[in-house]
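Structure below is entry-v1.cif: mmCIF, C-alpha atoms.
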data_coords
loop_
_atom_site.label_atom_id
_atom_site.label_comp_id
_atom_site.auth_asym_id
_atom_site.auth_seq_id
_atom_site.Cartn_x
_atom_site.Cartn_y
_atom_site.Cartn_z
CA MET A 216 0.72 -3.26 -23.32
CA LYS A 217 3.25 -0.78 -21.98
CA VAL A 218 3.20 0.25 -18.33
CA ALA A 219 5.36 2.77 -16.45
CA ILE A 220 6.05 2.18 -12.75
CA SER A 221 7.48 4.72 -10.34
CA GLY A 222 8.89 3.23 -7.16
CA SER A 223 9.82 0.09 -9.09
CA SER A 224 12.89 -0.50 -6.90
CA GLY A 225 10.80 -0.94 -3.74
CA PHE A 226 9.36 -4.14 -2.32
CA ILE A 227 6.00 -3.87 -4.09
CA GLY A 228 7.50 -2.30 -7.21
CA LYS A 229 9.99 -5.11 -7.77
CA ASN A 230 7.37 -7.81 -7.38
CA LEU A 231 4.85 -5.98 -9.55
CA THR A 232 7.45 -5.41 -12.28
CA ALA A 233 8.30 -9.12 -12.40
CA PHE A 234 4.61 -10.10 -12.31
CA LEU A 235 3.61 -7.79 -15.18
CA ALA A 236 6.61 -8.88 -17.25
CA ARG A 237 5.42 -12.48 -16.89
CA HIS A 238 2.06 -11.33 -18.25
CA ASN A 239 3.71 -9.88 -21.37
CA PHE A 240 3.68 -6.23 -20.33
CA THR A 241 6.53 -3.98 -21.35
CA VAL A 242 7.56 -2.31 -18.09
CA VAL A 243 9.26 1.09 -17.96
CA SER A 244 10.87 1.96 -14.63
CA ILE A 245 10.64 5.62 -13.58
CA PRO A 246 13.45 6.60 -11.18
CA HIS A 247 12.95 9.30 -8.55
CA SER A 248 15.69 11.37 -10.20
CA LEU A 249 13.16 12.35 -12.90
CA PHE A 250 10.76 14.08 -10.50
CA TYR A 251 12.26 17.55 -10.86
CA PRO A 252 11.37 20.47 -13.17
CA GLU A 253 14.69 20.21 -15.00
CA THR A 254 14.07 16.54 -15.87
CA ALA A 255 10.44 16.93 -17.02
CA LYS A 256 11.41 16.44 -20.67
CA ILE A 257 13.15 13.14 -19.92
CA LEU A 258 10.18 12.01 -17.82
CA ARG A 259 7.82 12.78 -20.68
CA GLU A 260 9.95 10.77 -23.08
CA LYS A 261 9.83 7.84 -20.66
CA LEU A 262 6.04 8.03 -20.43
CA GLU A 263 5.36 8.36 -24.16
CA GLY A 264 3.57 5.33 -25.52
CA CYS A 265 2.65 4.00 -22.09
CA ASP A 266 -0.92 2.73 -21.70
CA VAL A 267 -0.75 2.61 -17.90
CA ILE A 268 1.12 4.51 -15.20
CA ILE A 269 1.42 3.01 -11.71
CA ASN A 270 2.70 5.45 -9.12
CA LEU A 271 4.27 3.72 -6.11
CA ALA A 272 7.02 6.22 -5.35
CA GLY A 273 7.63 7.27 -1.76
CA VAL A 274 10.15 6.95 1.06
CA SER A 275 9.31 4.12 3.48
CA ILE A 276 7.26 5.12 6.52
CA ASN A 277 8.92 2.32 8.50
CA GLN A 278 11.44 4.53 10.27
CA ARG A 279 11.61 6.86 13.26
CA TRP A 280 9.36 9.84 12.63
CA THR A 281 11.67 12.76 13.26
CA GLU A 282 10.60 16.06 11.73
CA GLY A 283 13.19 15.53 9.00
CA ASN A 284 12.03 12.01 8.20
CA LYS A 285 8.37 13.08 8.19
CA LYS A 286 9.23 15.75 5.63
CA LYS A 287 10.96 13.14 3.43
CA ILE A 288 7.97 10.78 3.73
CA MET A 289 5.56 13.53 2.70
CA ASP A 290 7.66 15.28 0.07
CA SER A 291 8.72 12.10 -1.73
CA ARG A 292 5.08 11.22 -2.40
CA ILE A 293 3.89 14.71 -3.26
CA GLU A 294 6.80 15.50 -5.59
CA ALA A 295 6.56 12.22 -7.50
CA THR A 296 2.80 12.40 -7.96
CA ARG A 297 2.83 16.08 -8.90
CA SER A 298 5.58 15.56 -11.47
CA LEU A 299 3.79 12.62 -13.10
CA VAL A 300 0.45 14.44 -13.21
CA GLU A 301 1.92 17.63 -14.67
CA VAL A 302 3.72 15.74 -17.42
CA VAL A 303 0.75 13.52 -18.28
CA ASN A 304 -1.61 16.49 -18.47
CA LYS A 305 0.60 18.10 -21.14
CA MET A 306 0.88 14.97 -23.28
CA PRO A 307 -1.18 15.03 -26.50
CA VAL A 308 -1.66 11.26 -26.27
CA LYS A 309 -2.24 10.30 -22.67
CA PRO A 310 -2.20 6.91 -20.95
CA SER A 311 -5.60 5.34 -20.46
CA VAL A 312 -5.22 4.83 -16.70
CA PHE A 313 -3.24 6.38 -13.86
CA ILE A 314 -3.02 4.17 -10.76
CA SER A 315 -1.69 6.06 -7.76
CA ALA A 316 -0.90 4.43 -4.44
CA SER A 317 -2.25 5.54 -1.10
CA ALA A 318 -2.98 3.64 2.12
CA VAL A 319 -5.79 2.65 4.46
CA GLY A 320 -4.19 5.05 6.93
CA ILE A 321 -6.50 7.69 5.47
CA TYR A 322 -9.39 6.14 7.45
CA PRO A 323 -10.02 6.63 11.18
CA SER A 324 -8.62 3.97 13.51
CA ASP A 325 -11.74 3.75 15.65
CA GLY A 326 -12.74 0.11 15.12
CA THR A 327 -15.38 0.91 12.49
CA LEU A 328 -15.34 -1.08 9.23
CA TYR A 329 -14.78 1.36 6.37
CA THR A 330 -15.43 0.99 2.64
CA GLU A 331 -14.47 3.29 -0.21
CA ASN A 332 -17.76 5.15 0.24
CA THR A 333 -16.62 6.49 3.62
CA MET A 334 -16.37 10.27 3.66
CA ARG A 335 -14.61 10.49 7.05
CA GLU A 336 -10.84 10.75 7.24
CA GLY A 337 -8.59 9.90 10.14
CA LYS A 338 -6.39 12.25 12.10
CA GLY A 339 -2.64 12.43 12.46
CA PHE A 340 0.36 12.33 10.19
CA LEU A 341 -0.52 9.16 8.25
CA ALA A 342 -3.97 10.42 7.37
CA GLU A 343 -2.50 13.77 6.31
CA VAL A 344 0.04 12.07 4.06
CA CYS A 345 -2.66 9.99 2.38
CA HIS A 346 -4.98 12.97 1.98
CA ARG A 347 -2.36 15.18 0.34
CA TRP A 348 -1.02 12.28 -1.76
CA GLU A 349 -4.47 11.54 -3.14
CA ALA A 350 -5.22 15.23 -3.69
CA GLU A 351 -2.18 15.50 -5.99
CA ALA A 352 -3.32 12.50 -8.04
CA GLU A 353 -6.79 13.99 -8.43
CA HIS A 354 -5.33 16.78 -10.60
CA ILE A 355 -4.90 14.26 -13.43
CA SER A 356 -6.73 15.09 -16.66
CA PRO A 357 -10.36 13.86 -16.82
CA ASP A 358 -9.32 12.08 -20.02
CA VAL A 359 -7.36 9.61 -17.87
CA ARG A 360 -9.03 7.03 -15.65
CA LEU A 361 -7.77 7.63 -12.13
CA VAL A 362 -7.59 4.80 -9.61
CA ILE A 363 -6.29 5.49 -6.11
CA THR A 364 -5.25 2.21 -4.53
CA ARG A 365 -5.39 2.29 -0.72
CA PHE A 366 -3.01 -0.43 0.45
CA GLY A 367 -3.31 -2.38 3.65
CA VAL A 368 -0.32 -4.23 5.13
CA VAL A 369 1.13 -6.33 2.30
CA LEU A 370 2.07 -9.83 3.46
CA SER A 371 4.86 -11.80 1.82
CA SER A 372 7.40 -14.25 3.19
CA HIS A 373 10.06 -12.78 0.90
CA GLY A 374 10.11 -9.14 1.98
CA GLY A 375 8.10 -6.27 3.34
CA ALA A 376 6.81 -6.17 6.89
CA PHE A 377 5.82 -9.81 7.43
CA PRO A 378 9.26 -11.37 8.13
CA LYS A 379 9.90 -8.69 10.78
CA MET A 380 6.45 -9.19 12.27
CA VAL A 381 6.91 -12.92 12.77
CA LEU A 382 10.51 -12.79 14.02
CA PRO A 383 9.49 -12.40 17.69
CA PHE A 384 7.33 -15.52 17.36
CA ARG A 385 10.28 -17.50 16.01
CA LEU A 386 12.16 -16.44 19.14
CA PHE A 387 9.25 -17.45 21.41
CA MET A 388 8.68 -13.77 22.25
CA GLY A 389 5.62 -13.01 20.13
CA GLY A 390 2.30 -11.62 21.22
CA GLU A 391 -0.10 -8.71 21.06
CA ILE A 392 1.06 -5.14 20.63
CA SER A 393 -0.32 -2.62 23.11
CA SER A 394 -4.06 -3.30 23.62
CA GLY A 395 -4.23 -5.70 20.66
CA LYS A 396 -7.60 -4.17 19.73
CA GLN A 397 -6.27 -2.05 16.87
CA GLY A 398 -7.48 -2.93 13.40
CA PHE A 399 -5.26 -4.86 11.01
CA SER A 400 -6.20 -4.64 7.33
CA TRP A 401 -3.92 -6.79 5.19
CA ILE A 402 -3.51 -8.30 1.74
CA HIS A 403 -1.35 -11.13 0.44
CA LEU A 404 1.22 -9.94 -2.10
CA GLU A 405 -0.15 -12.37 -4.68
CA ASP A 406 -3.59 -10.78 -4.38
CA LEU A 407 -2.12 -7.29 -4.54
CA VAL A 408 -0.41 -7.78 -7.89
CA ASN A 409 -3.34 -9.74 -9.32
CA ALA A 410 -5.78 -7.05 -8.15
CA LEU A 411 -3.67 -4.37 -9.85
CA LEU A 412 -3.83 -6.36 -13.10
CA PHE A 413 -7.59 -6.72 -12.58
CA ILE A 414 -7.89 -2.93 -12.21
CA ILE A 415 -5.91 -2.34 -15.39
CA ASN A 416 -8.24 -4.64 -17.32
CA ASN A 417 -11.51 -3.31 -15.84
CA PRO A 418 -12.33 0.20 -17.08
CA THR A 419 -15.33 0.48 -14.72
CA LEU A 420 -13.03 0.65 -11.70
CA ALA A 421 -12.14 4.24 -10.84
CA GLY A 422 -11.60 6.42 -7.81
CA ALA A 423 -10.50 4.99 -4.46
CA VAL A 424 -10.11 1.20 -4.27
CA ASN A 425 -9.28 -0.57 -0.99
CA MET A 426 -6.47 -3.05 -1.61
CA VAL A 427 -7.19 -5.30 1.35
CA ALA A 428 -8.45 -8.83 1.96
CA PRO A 429 -12.21 -9.10 2.68
CA TYR A 430 -11.66 -10.30 6.25
CA PRO A 431 -9.71 -7.70 8.24
CA THR A 432 -8.72 -8.61 11.76
CA THR A 433 -7.25 -7.12 14.93
CA ASN A 434 -3.66 -7.15 16.12
CA SER A 435 -4.60 -9.61 18.85
CA ALA A 436 -6.27 -12.04 16.43
CA PHE A 437 -3.35 -11.70 14.01
CA ALA A 438 -0.86 -12.52 16.78
CA HIS A 439 -2.74 -15.63 17.85
CA GLU A 440 -3.19 -16.88 14.26
CA VAL A 441 0.53 -16.42 13.59
CA ALA A 442 1.38 -18.25 16.82
CA LYS A 443 -0.89 -21.12 15.86
CA ALA A 444 0.55 -21.34 12.34
CA MET A 445 4.12 -21.33 13.69
CA ASN A 446 3.37 -23.60 16.66
CA ARG A 447 4.62 -20.92 19.01
CA PRO A 448 3.10 -19.21 22.07
CA ALA A 449 1.65 -15.70 21.95
CA LEU A 450 2.17 -14.81 25.58
CA VAL A 451 4.26 -11.63 25.45
CA ARG A 452 2.35 -8.36 25.32
CA LEU A 453 4.58 -5.72 23.74
CA PRO A 454 3.88 -2.34 25.35
CA ALA A 455 3.32 0.82 23.33
CA ILE A 456 6.26 2.49 25.07
CA ALA A 457 8.67 0.09 23.34
CA PHE A 458 7.52 1.33 19.95
CA ARG A 459 7.51 4.94 21.12
CA LEU A 460 11.21 4.54 21.96
CA LEU A 461 11.88 2.92 18.58
CA TYR A 462 9.74 5.03 16.23
CA GLY A 463 8.80 8.12 18.24
CA GLU A 464 5.50 9.50 16.93
CA GLY A 465 5.62 6.69 14.37
CA GLU A 466 4.52 4.21 17.04
CA VAL A 467 1.02 4.60 15.58
CA MET A 468 2.13 2.37 12.70
CA VAL A 469 1.67 -0.58 15.07
CA THR A 470 -0.33 0.72 18.04
CA GLU A 471 -3.20 1.98 15.83
CA GLY A 472 -4.85 0.48 12.79
CA GLN A 473 -7.87 0.55 10.49
CA LEU A 474 -10.56 -1.97 9.62
CA THR A 475 -11.32 -1.72 5.89
CA TYR A 476 -13.31 -3.70 3.34
CA PRO A 477 -12.63 -4.10 -0.45
CA GLN A 478 -16.16 -3.28 -1.58
CA LYS A 479 -15.20 -2.08 -5.07
CA LEU A 480 -12.97 -5.04 -5.93
CA LEU A 481 -15.59 -7.54 -4.79
CA SER A 482 -18.43 -5.74 -6.58
CA ALA A 483 -16.38 -5.72 -9.79
CA GLY A 484 -15.90 -9.49 -9.54
CA TYR A 485 -12.36 -9.86 -8.23
CA ILE A 486 -11.89 -13.26 -6.54
CA PHE A 487 -9.31 -13.28 -3.77
CA ARG A 488 -6.78 -16.09 -3.69
CA TYR A 489 -6.24 -15.50 0.02
CA PRO A 490 -9.42 -14.00 1.45
CA ASP A 491 -8.80 -14.91 5.09
CA LEU A 492 -5.77 -14.87 7.33
CA GLN A 493 -5.60 -18.62 7.97
CA MET A 494 -5.33 -19.31 4.23
CA ALA A 495 -2.66 -16.64 3.82
CA LEU A 496 -0.58 -17.89 6.77
CA PHE A 497 -0.75 -21.46 5.47
CA GLU A 498 1.17 -20.21 2.42
CA LEU A 499 3.34 -17.65 4.20
CA VAL A 500 4.62 -19.73 7.13
CA PRO A 501 6.91 -22.62 6.07
#
Before we go any further, please render this structure as structure tokens.
Amino acid sequence: MKVAISGSSGFIGKNLTAFLARHNFTVVSIPHSLFYPETAKILREKLEGCDVIINLAGVSINQRWTEGNKKKIMDSRIEATRSLVEVVNKMPVKPSVFISASAVGIYPSDGTLYTENTMREGKGFLAEVCHRWEAEAEHISPDVRLVITRFGVVLSSHGGAFPKMVLPFRLFMGGEISSGKQGFSWIHLEDLVNALLFIINNPTLAGAVNMVAPYPTTNSAFAHEVAKAMNRPALVRLPAIAFRLLYGEGEVMVTEGQLTYPQKLLSAGYIFRYPDLQMALFELVP
């Protein structure tokens, strides 16, 4: 099977590319340089013969949210998705499935547990990014199965956010962030790539799919579980103002959070390798 991946140079993209190659997929990497009108022909040639397209392209949100950076975060996702959709819709032989990334940031951060059936959307920049990102993907031809994967925080000891999150604990300076009550929906990297393979192989899965473990937690509970796993204290409460100084408006990346549940994956029969945080940390923390 042949699969095209945009955003293949990122943390998730690199790991997914290696994972699918091990499962005998032919992987075609789609660079961001092809997401312009003048390169549409080259993009189409890249996509020809692909059974699956996985759209992960987008500038990292993990940076200070200046107006300029917010524009890059938004535009990188919209331009990539729009370019892929426009090219696919003109292809006489289309891929069978288009998997487009989004995030649980589309949901409200009010402490309610949300499934894919939730009609409410959150407020703020993250929710707006997710909403517009998903809206672009929804223009795909009805001949193509569309799956919008809403990622939680992806945990891996070899990259992504987790090594930065546990660094304060290694230095005996770890603890809750702000109130600690904010939701924390997460997924182990191994489950993420296996769940994407599961989606590819299950034609009944379509629409929004929450890519999160079945037991979300709070920032406070996460901090104390990490401390226990690392045999470190969790005594330092990190104030919101520290993250405001670091990220500006982007402080909400850590001072707010959603509680989400993977109803569709579980109903379809996906079995999580790391369903709860203790199991995940046992593997993640050496």
Using all atoms listed in the file, find the one residue out of A:Leu299, A:Ile227, A:Val467, A:Val243 that sits nearest to Gly398 in chain A.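 Checking each of A:Leu299, A:Ile227, A:Val467, A:Val243 against Gly398 in chain A, counting all atoms listed in the file, the winner is A:Val467.
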Can you list, as a count of residues only, every protein, DNA or RNA residue that comes within 6 Å of range 333-347 of chain A when you count all atoms listed in the file, leaving out same-chain residues fewer than 3 positions away? 8
Can you measure CA of Ile486 in chain A to CA of Asp358 in chain A for me? One decimal in Å is fine.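 These atoms are spaced 28.8 Å apart.
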Taking the file as I've supplied it (selection: the PyMOL selection byres ((chain A and resi 373-386) around 7)), which residues are included? Please answer as a count of residues only. 9
Would you pick out the contacts of Ser315 in chain A at 8 Å or less, using all atoms listed in the file, so that residues sharing its chain but fewer than 3 positions from it are not included, and give the list as a list in words? Ile269, Asn270, Leu271, Thr296, Glu349, Ala352, Leu361, Val362, Ile363 and Thr364 of chain A
Same residues, C-alpha atoms, output as a PDB file, in the frame of the given file:
ATOM      1  CA  ILE A 269       1.420   3.010 -11.710  1.00  0.00           C
ATOM      2  CA  ASN A 270       2.700   5.450  -9.120  1.00  0.00           C
ATOM      3  CA  LEU A 271       4.270   3.720  -6.110  1.00  0.00           C
ATOM      4  CA  THR A 296       2.800  12.400  -7.960  1.00  0.00           C
ATOM      5  CA  GLU A 349      -4.470  11.540  -3.140  1.00  0.00           C
ATOM      6  CA  ALA A 352      -3.320  12.500  -8.040  1.00  0.00           C
ATOM      7  CA  LEU A 361      -7.770   7.630 -12.130  1.00  0.00           C
ATOM      8  CA  VAL A 362      -7.590   4.800  -9.610  1.00  0.00           C
ATOM      9  CA  ILE A 363      -6.290   5.490  -6.110  1.00  0.00           C
ATOM     10  CA  THR A 364      -5.250   2.210  -4.530  1.00  0.00           C
TER      11      THR A 364
END
For a cut-off of 12 Å around (8.4, 11.1, 18.1), file coordinates, pick out all residues using all atoms listed in the file and list them as a ChimeraX atom specification. /A:278-285,340,456,458-467
Could you save the residues just selected, with C-alpha atoms, as a JSON list (two decimals), in the coordinates of the input?
[["chain", "number", "residue", "atom", "x", "y", "z"],
["A", 278, "GLN", "CA", 11.44, 4.53, 10.27],
["A", 279, "ARG", "CA", 11.61, 6.86, 13.26],
["A", 280, "TRP", "CA", 9.36, 9.84, 12.63],
["A", 281, "THR", "CA", 11.67, 12.76, 13.26],
["A", 282, "GLU", "CA", 10.60, 16.06, 11.73],
["A", 283, "GLY", "CA", 13.19, 15.53, 9.00],
["A", 284, "ASN", "CA", 12.03, 12.01, 8.20],
["A", 285, "LYS", "CA", 8.37, 13.08, 8.19],
["A", 340, "PHE", "CA", 0.36, 12.33, 10.19],
["A", 456, "ILE", "CA", 6.26, 2.49, 25.07],
["A", 458, "PHE", "CA", 7.52, 1.33, 19.95],
["A", 459, "ARG", "CA", 7.51, 4.94, 21.12],
["A", 460, "LEU", "CA", 11.21, 4.54, 21.96],
["A", 461, "LEU", "CA", 11.88, 2.92, 18.58],
["A", 462, "TYR", "CA", 9.74, 5.03, 16.23],
["A", 463, "GLY", "CA", 8.80, 8.12, 18.24],
["A", 464, "GLU", "CA", 5.50, 9.50, 16.93],
["A", 465, "GLY", "CA", 5.62, 6.69, 14.37],
["A", 466, "GLU", "CA", 4.52, 4.21, 17.04],
["A", 467, "VAL", "CA", 1.02, 4.60, 15.58]]
